[in-house]
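Reproduced below: work23.cif, with mmCIF, C-alpha atoms and all ligand atoms.
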data_coords
#
loop_
_atom_site.group_PDB
_atom_site.id
_atom_site.type_symbol
_atom_site.label_atom_id
_atom_site.label_comp_id
_atom_site.auth_asym_id
_atom_site.auth_seq_id
_atom_site.Cartn_x
_atom_site.Cartn_y
_atom_site.Cartn_z
ATOM 1 C CA MET A 1 105.788 84.653 69.816
ATOM 2 C CA THR A 2 105.735 85.508 66.151
ATOM 3 C CA ILE A 3 107.769 88.216 64.570
ATOM 4 C CA GLY A 4 107.549 89.048 60.903
ATOM 5 C CA VAL A 5 110.609 88.327 58.880
ATOM 6 C CA ARG A 6 109.308 89.754 55.673
ATOM 7 C CA GLN A 7 111.882 92.510 55.397
ATOM 8 C CA THR A 8 114.266 92.229 52.514
ATOM 9 C CA ALA A 9 117.343 93.376 54.399
ATOM 10 C CA ALA A 10 118.879 90.992 56.864
ATOM 11 C CA GLY A 11 119.842 93.839 59.125
ATOM 12 C CA TRP A 12 116.249 94.929 59.224
ATOM 13 C CA VAL A 13 115.181 91.474 60.267
ATOM 14 C CA LEU A 14 117.701 91.509 63.045
ATOM 15 C CA ALA A 15 116.772 94.957 64.207
ATOM 16 C CA ALA A 16 113.123 93.985 64.448
ATOM 17 C CA VAL A 17 113.861 90.807 66.290
ATOM 18 C CA VAL A 18 116.310 92.398 68.648
ATOM 19 C CA LEU A 19 113.988 95.232 69.497
ATOM 20 C CA ALA A 20 111.309 92.712 70.331
ATOM 21 C CA LEU A 21 113.747 90.841 72.492
ATOM 22 C CA LEU A 22 114.989 93.793 74.476
ATOM 23 C CA ALA A 23 112.258 93.260 77.045
ATOM 24 C CA TRP A 24 114.017 90.045 77.948
ATOM 25 C CA ALA A 25 116.881 92.197 78.969
ATOM 26 C CA LEU A 26 119.978 90.332 78.173
ATOM 27 C CA PRO A 27 122.910 92.144 79.725
ATOM 28 C CA THR A 28 124.074 94.882 77.433
ATOM 29 C CA GLN A 29 127.388 96.421 76.699
ATOM 30 C CA ALA A 30 128.003 99.749 75.088
ATOM 31 C CA GLY A 31 128.539 100.119 71.409
ATOM 32 C CA GLY A 32 127.496 98.353 68.274
ATOM 33 C CA GLN A 33 129.575 96.195 66.017
ATOM 34 C CA ASP A 34 129.853 96.114 62.297
ATOM 35 C CA GLY A 35 130.714 92.949 60.493
ATOM 36 C CA PRO A 36 130.666 91.461 57.014
ATOM 37 C CA GLY A 37 127.539 92.734 55.341
ATOM 38 C CA PHE A 38 125.945 94.020 58.474
ATOM 39 C CA THR A 39 125.546 97.165 60.427
ATOM 40 C CA VAL A 40 123.609 96.229 63.473
ATOM 41 C CA PRO A 41 122.646 97.744 66.780
ATOM 42 C CA GLY A 42 123.705 96.927 70.299
ATOM 43 C CA ASP A 43 125.406 93.699 71.084
ATOM 44 C CA ILE A 44 124.731 91.857 67.908
ATOM 45 C CA ASP A 45 127.806 90.015 66.739
ATOM 46 C CA PRO A 46 127.385 89.379 63.048
ATOM 47 C CA TRP A 47 130.295 86.997 62.676
ATOM 48 C CA ILE A 48 128.211 83.975 63.490
ATOM 49 C CA ILE A 49 124.596 83.788 62.399
ATOM 50 C CA ILE A 50 121.724 81.388 62.888
ATOM 51 C CA ASN A 51 121.480 80.351 59.253
ATOM 52 C CA GLU A 52 118.706 77.756 59.176
ATOM 53 C CA VAL A 53 116.261 76.210 61.635
ATOM 54 C CA LEU A 54 114.072 73.109 61.486
ATOM 55 C CA ALA A 55 111.609 73.212 64.348
ATOM 56 C CA ASP A 56 109.163 70.409 63.586
ATOM 57 C CA PRO A 57 110.999 67.259 62.456
ATOM 58 C CA ALA A 58 109.136 64.372 60.859
ATOM 59 C CA SER A 59 112.298 62.548 59.758
ATOM 60 C CA ASP A 60 115.340 61.059 61.434
ATOM 61 C CA TRP A 61 117.545 64.100 60.878
ATOM 62 C CA ASN A 62 120.163 63.160 63.465
ATOM 63 C CA LYS A 63 120.383 59.628 62.055
ATOM 64 C CA ASP A 64 120.019 57.816 65.360
ATOM 65 C CA GLY A 65 117.386 55.471 63.955
ATOM 66 C CA VAL A 66 114.449 57.172 65.636
ATOM 67 C CA VAL A 67 112.175 59.980 64.496
ATOM 68 C CA ASP A 68 111.834 62.136 67.556
ATOM 69 C CA ALA A 69 110.048 65.475 67.860
ATOM 70 C CA LYS A 70 112.648 66.648 70.362
ATOM 71 C CA GLY A 71 115.890 65.022 69.287
ATOM 72 C CA ASP A 72 115.575 65.702 65.559
ATOM 73 C CA GLU A 73 115.040 69.456 65.759
ATOM 74 C CA TRP A 74 118.086 71.276 64.437
ATOM 75 C CA ILE A 75 119.734 74.652 64.269
ATOM 76 C CA GLU A 76 122.404 75.512 61.704
ATOM 77 C CA LEU A 77 124.991 78.208 62.323
ATOM 78 C CA ARG A 78 127.196 79.844 59.724
ATOM 79 C CA ASN A 79 130.466 81.645 60.310
ATOM 80 C CA VAL A 80 130.165 84.700 58.077
ATOM 81 C CA SER A 81 133.513 86.125 59.154
ATOM 82 C CA THR A 82 136.891 85.499 57.586
ATOM 83 C CA MET A 83 138.469 83.774 60.575
ATOM 84 C CA PRO A 84 137.950 80.568 62.550
ATOM 85 C CA LEU A 85 135.980 81.212 65.728
ATOM 86 C CA ASP A 86 136.034 79.339 69.026
ATOM 87 C CA LEU A 87 132.495 78.373 70.004
ATOM 88 C CA GLY A 88 133.245 77.483 73.616
ATOM 89 C CA THR A 89 131.501 80.531 75.073
ATOM 90 C CA TYR A 90 128.438 80.302 72.828
ATOM 91 C CA PHE A 91 125.048 78.866 73.717
ATOM 92 C CA LEU A 92 121.749 78.231 71.961
ATOM 93 C CA ARG A 93 118.308 78.649 73.433
ATOM 94 C CA ASP A 94 114.719 79.198 72.377
ATOM 95 C CA GLY A 95 112.325 81.896 73.463
ATOM 96 C CA SER A 96 111.302 80.358 76.772
ATOM 97 C CA GLY A 97 113.402 81.658 79.613
ATOM 98 C CA ASP A 98 116.995 82.639 80.132
ATOM 99 C CA THR A 99 118.559 79.236 80.675
ATOM 100 C CA PRO A 100 120.517 78.076 77.615
ATOM 101 C CA ASP A 101 119.534 74.778 76.020
ATOM 102 C CA LEU A 102 123.008 73.880 74.780
ATOM 103 C CA GLN A 103 126.587 75.028 75.196
ATOM 104 C CA LEU A 104 128.509 74.801 71.944
ATOM 105 C CA SER A 105 132.062 73.587 71.585
ATOM 106 C CA GLY A 106 134.820 73.369 69.036
ATOM 107 C CA THR A 107 135.623 75.881 66.328
ATOM 108 C CA ILE A 108 133.768 76.992 63.236
ATOM 109 C CA ASP A 109 135.730 77.919 60.111
ATOM 110 C CA PRO A 110 134.912 80.774 57.758
ATOM 111 C CA ASP A 111 131.703 79.916 55.900
ATOM 112 C CA GLU A 112 131.455 76.597 57.665
ATOM 113 C CA HIS A 113 127.846 75.523 58.257
ATOM 114 C CA ALA A 114 127.630 73.702 61.567
ATOM 115 C CA ILE A 115 124.549 72.009 62.929
ATOM 116 C CA TRP A 116 123.279 71.102 66.384
ATOM 117 C CA PHE A 117 120.402 68.758 67.056
ATOM 118 C CA GLY A 118 117.858 68.625 69.820
ATOM 119 C CA SER A 119 119.583 65.415 70.887
ATOM 120 C CA ASP A 120 122.807 67.387 71.454
ATOM 121 C CA SER A 121 120.823 69.706 73.676
ATOM 122 C CA VAL A 122 119.299 66.805 75.626
ATOM 123 C CA ALA A 123 122.737 65.279 76.198
ATOM 124 C CA TRP A 124 124.171 68.577 77.407
ATOM 125 C CA GLN A 125 121.206 69.204 79.695
ATOM 126 C CA ALA A 126 121.496 65.722 81.186
ATOM 127 C CA ALA A 127 125.212 66.187 81.783
ATOM 128 C CA ASN A 128 124.532 69.462 83.572
ATOM 129 C CA GLY A 129 121.653 68.324 85.742
ATOM 130 C CA LEU A 130 119.077 70.299 83.795
ATOM 131 C CA SER A 131 115.629 69.260 82.677
ATOM 132 C CA THR A 132 116.078 67.415 79.366
ATOM 133 C CA THR A 133 113.685 69.429 77.274
ATOM 134 C CA GLY A 134 116.021 69.839 74.315
ATOM 135 C CA PHE A 135 115.640 73.021 72.293
ATOM 136 C CA ALA A 136 111.849 72.668 72.598
ATOM 137 C CA LEU A 137 111.241 74.773 69.492
ATOM 138 C CA ASN A 138 107.528 75.499 69.444
ATOM 139 C CA ASN A 139 105.664 74.257 66.414
ATOM 140 C CA THR A 140 103.487 77.340 66.548
ATOM 141 C CA GLY A 141 106.524 79.575 66.147
ATOM 142 C CA ASP A 142 109.442 80.487 68.337
ATOM 143 C CA VAL A 143 112.496 82.649 68.677
ATOM 144 C CA VAL A 144 115.927 81.065 68.422
ATOM 145 C CA GLN A 145 118.812 82.829 70.089
ATOM 146 C CA LEU A 146 122.561 82.518 69.932
ATOM 147 C CA VAL A 147 124.040 83.950 73.122
ATOM 148 C CA ARG A 148 127.511 84.207 74.594
ATOM 149 C CA SER A 149 128.562 84.051 78.219
ATOM 150 C CA ILE A 150 130.032 87.252 79.616
ATOM 151 C CA PRO A 151 133.483 86.603 81.133
ATOM 152 C CA GLY A 152 133.775 87.251 84.838
ATOM 153 C CA THR A 153 130.063 87.116 85.645
ATOM 154 C CA SER A 154 128.865 84.946 88.528
ATOM 155 C CA PRO A 155 126.305 83.602 88.254
ATOM 156 C CA VAL A 156 127.085 83.578 84.570
ATOM 157 C CA GLN A 157 125.261 86.107 82.436
ATOM 158 C CA TYR A 158 124.691 86.025 78.711
ATOM 159 C CA GLU A 159 124.692 88.560 75.932
ATOM 160 C CA LEU A 160 122.647 88.186 72.787
ATOM 161 C CA VAL A 161 124.658 87.483 69.664
ATOM 162 C CA PHE A 162 121.969 86.717 67.117
ATOM 163 C CA ALA A 163 118.293 85.868 67.004
ATOM 164 C CA VAL A 164 115.770 84.764 64.433
ATOM 165 C CA ALA A 165 112.014 84.343 64.644
ATOM 166 C CA ILE A 166 110.196 81.330 63.228
ATOM 167 C CA SER A 167 106.495 81.596 62.489
ATOM 168 C CA ASP A 168 103.820 78.925 62.694
ATOM 169 C CA HIS A 169 103.842 77.846 59.045
ATOM 170 C CA GLU A 170 107.634 77.543 59.048
ATOM 171 C CA ALA A 171 107.522 75.219 62.034
ATOM 172 C CA ASP A 172 105.698 72.406 60.285
ATOM 173 C CA ASP A 173 106.669 68.862 59.283
ATOM 174 C CA ASP A 174 110.214 68.856 57.929
ATOM 175 C CA ARG A 175 110.092 72.460 56.787
ATOM 176 C CA SER A 176 113.110 74.553 57.573
ATOM 177 C CA SER A 177 113.698 78.223 57.042
ATOM 178 C CA GLY A 178 116.817 80.303 56.800
ATOM 179 C CA PHE A 179 118.800 83.028 55.108
ATOM 180 C CA ASP A 180 119.663 83.076 51.446
ATOM 181 C CA TRP A 181 123.372 83.006 50.592
ATOM 182 C CA LEU A 182 123.729 86.773 50.677
ATOM 183 C CA ARG A 183 121.643 87.005 53.858
ATOM 184 C CA THR A 184 119.249 89.464 52.277
ATOM 185 C CA SER A 185 116.070 87.460 52.773
ATOM 186 C CA TRP A 186 114.657 84.770 55.015
ATOM 187 C CA GLN A 187 113.294 81.841 53.026
ATOM 188 C CA LEU A 188 111.158 78.756 53.528
ATOM 189 C CA PHE A 189 112.582 75.377 52.496
ATOM 190 C CA ASP A 190 109.470 73.277 52.064
ATOM 191 C CA ALA A 191 110.343 70.590 49.509
ATOM 192 C CA MET A 192 109.347 67.828 51.928
ATOM 193 C CA PHE A 193 106.004 69.384 52.880
ATOM 194 C CA PRO A 194 105.042 72.098 50.385
ATOM 195 C CA TYR A 195 103.480 75.271 51.698
ATOM 196 C CA THR A 196 100.859 76.760 49.373
ATOM 197 C CA GLY A 197 99.654 79.601 51.561
ATOM 198 C CA ALA A 198 100.368 83.274 51.168
ATOM 199 C CA LEU A 199 102.183 83.993 54.405
ATOM 200 C CA VAL A 200 105.814 84.973 54.225
ATOM 201 C CA PRO A 201 108.184 83.423 53.851
ATOM 202 C CA VAL A 202 106.273 81.778 51.009
ATOM 203 C CA GLY A 203 106.956 78.262 49.772
ATOM 204 C CA THR A 204 109.981 77.806 47.523
ATOM 205 C CA GLY A 205 109.979 74.058 46.885
ATOM 206 C CA CYS A 206 113.619 74.016 47.964
ATOM 207 C CA ALA A 207 114.922 71.426 50.380
ATOM 208 C CA PRO A 208 116.366 71.861 53.858
ATOM 209 C CA SER A 209 120.173 71.829 53.750
ATOM 210 C CA PRO A 210 121.661 70.799 57.077
ATOM 211 C CA THR A 211 125.430 71.563 57.194
ATOM 212 C CA ALA A 212 125.316 72.915 53.626
ATOM 213 C CA PRO A 213 124.836 76.406 52.185
ATOM 214 C CA ASN A 214 121.224 77.464 51.714
ATOM 215 C CA GLN A 215 120.777 77.539 47.960
ATOM 216 C CA CYS A 216 117.424 77.968 46.355
ATOM 217 C CA GLY A 217 116.535 78.738 42.751
ATOM 218 C CA GLY A 218 118.666 81.553 41.390
ATOM 219 C CA ASN A 219 119.897 82.159 44.851
ATOM 220 C CA VAL A 220 123.248 80.538 44.236
ATOM 221 C CA PRO A 221 126.488 82.178 45.266
ATOM 222 C CA THR A 222 127.761 83.415 41.933
ATOM 223 C CA GLU A 223 129.089 86.855 42.750
ATOM 224 C CA SER A 224 132.748 87.323 42.094
ATOM 225 C CA ALA A 225 133.082 89.154 45.391
ATOM 226 C CA SER A 226 132.248 85.981 47.218
ATOM 227 C CA PHE A 227 134.557 83.731 45.249
ATOM 228 C CA GLY A 228 136.981 83.363 48.137
ATOM 229 C CA THR A 229 134.324 82.237 50.524
ATOM 230 C CA LEU A 230 132.789 80.075 47.831
ATOM 231 C CA LYS A 231 136.095 78.327 47.332
ATOM 232 C CA ALA A 232 136.409 77.876 51.063
ATOM 233 C CA THR A 233 132.972 76.346 51.225
ATOM 234 C CA TYR A 234 133.665 73.755 48.592
ATOM 235 C CA ARG A 235 137.299 73.041 49.285
HETATM 236 CA CA CA A 301 109.289 71.374 67.727
HETATM 237 CA CA CA A 302 116.433 60.898 65.201
HETATM 238 CA CA CA A 303 121.766 75.017 55.327
#

Exercise: express the given structure as structure tokens:
Amino acid sequence: MTIGVRQTAAGWVLAAVVLALLAWALPTQAGGQDGPGFTVPGDIDPWIIINEVLADPASDWNKDGVVDAKGDEWIELRNVSTMPLDLGTYFLRDGSGDTPDLQLSGTIDPDEHAIWFGSDSVAWQAANGLSTTGFALNNTGDVVQLVRSIPGTSPVQYELVFAVAISDHEADDDRSSGFDWLRTSWQLFDAMFPYTGALVPVGTGCAPSPTAPNQCGGNVPTESASFGTLKATYR
């Protein structure tokens, strides 16, 4: 599944992705939510975003000594709110089916960039008697979803929190893609395997940045309005 992420407004990206995902019918609740920098439809919770994804690893990203197509995939989340958030009810999954690939845990601080590897997913799946497929992010493109369990549902149901779409040329050896600092565009980080084609997102020559802010070219957080979060990031 490939969804264009060419739009310049992050909200637009989300709207397009979410509309495409509605057929998968995650349980819905009434009302939209507004958050920092976003006005979004439906159930989208803008306080935590999928900030960067690397779907086709060719390096030992999780530093376990082995380069593994499954274990070294990674997904970076960013807390774009102003408060610490408990991740215990959040899950990650790709576009194949409703079953989550990983339950998250711990808390994420404001502007913290937290990362989960395919190996984390495998470990969680093994511990829960599930098939150990990991995230299984398709190298021809995929959708990555952050979902949250709905309290009181049995069997447990999930609501969509955030989703991004990765296209074929983004899911190639050690290329990641993600939002710029202001979350206004979706960029390709292809320093390790330059992309010279014309598809968007186009090549930037910038490097993947697991657990760090996505900064690329002039795309550095310099606005005075974000000084507080900037300070928090580098404290
Ligand atoms: Ca993959
Ligand atoms: Ca590894
Ligand atoms: Ca990053």

Quick one: apply the PyMOL selection byres (((chain A and resi 50) around 9) and not hetatm) to the file and drop the selected residues here as a short mmCIF file (atom, residue, chain, number, x, y, z; two decimals) with C-alpha atoms, keeping the file's coordinate frame.
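Writing the result to out.cif gives the following:
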data_model
loop_
_atom_site.label_atom_id
_atom_site.label_comp_id
_atom_site.auth_asym_id
_atom_site.auth_seq_id
_atom_site.Cartn_x
_atom_site.Cartn_y
_atom_site.Cartn_z
CA ILE A 48 128.21 83.98 63.49
CA ILE A 49 124.60 83.79 62.40
CA ASN A 51 121.48 80.35 59.25
CA GLU A 52 118.71 77.76 59.18
CA VAL A 53 116.26 76.21 61.64
CA ILE A 75 119.73 74.65 64.27
CA GLU A 76 122.40 75.51 61.70
CA LEU A 77 124.99 78.21 62.32
CA ARG A 78 127.20 79.84 59.72
CA VAL A 144 115.93 81.06 68.42
CA GLN A 145 118.81 82.83 70.09
CA LEU A 146 122.56 82.52 69.93
CA PHE A 162 121.97 86.72 67.12
CA ALA A 163 118.29 85.87 67.00
CA VAL A 164 115.77 84.76 64.43
CA GLY A 178 116.82 80.30 56.80
CA PHE A 179 118.80 83.03 55.11
#

Could you list, as a list of chain:residue names, every residue matched by the PyMOL selection byres (((not hetatm)) within 7 of (chain A and resi 303)) in this structure?
A:Asn51, A:Glu52, A:Glu76, A:His113, A:Pro208, A:Ser209, A:Pro210, A:Thr211, A:Ala212, A:Pro213, A:Asn214

Can you write just those residues out, C-alpha atoms, as a PDB file, in the coordinates of the input?
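File produced: selection_5.pdb:
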ATOM      1  CA  ASN A  51     121.480  80.351  59.253  1.00  0.00           C
ATOM      2  CA  GLU A  52     118.706  77.756  59.176  1.00  0.00           C
ATOM      3  CA  GLU A  76     122.404  75.512  61.704  1.00  0.00           C
ATOM      4  CA  HIS A 113     127.846  75.523  58.257  1.00  0.00           C
ATOM      5  CA  PRO A 208     116.366  71.861  53.858  1.00  0.00           C
ATOM      6  CA  SER A 209     120.173  71.829  53.750  1.00  0.00           C
ATOM      7  CA  PRO A 210     121.661  70.799  57.077  1.00  0.00           C
ATOM      8  CA  THR A 211     125.430  71.563  57.194  1.00  0.00           C
ATOM      9  CA  ALA A 212     125.316  72.915  53.626  1.00  0.00           C
ATOM     10  CA  PRO A 213     124.836  76.406  52.185  1.00  0.00           C
ATOM     11  CA  ASN A 214     121.224  77.464  51.714  1.00  0.00           C
TER      12      ASN A 214
END

Using all atoms listed in the file, determine which residues lie at most 7 Å from Arg148 in chain A, disregarding the query and same-chain residues fewer than 3 positions distant; provide the list as a VMD selection string.
chain A and resid 89 to 91 158 to 161

Residues returned when the PyMOL selection byres (((not hetatm)) within 12 of (chain A and resi 301)) runs on this file, as a PyMOL selection string
chain A and resi 53-58+68-75+94+117-118+133-144+166-168+170-176

Nearby polymer residues, ligand CA 302 (chain A), at most 7 Å, only C-alpha atoms and all ligand atoms, as a PyMOL selection string:
chain A and resi 60-68+71-72
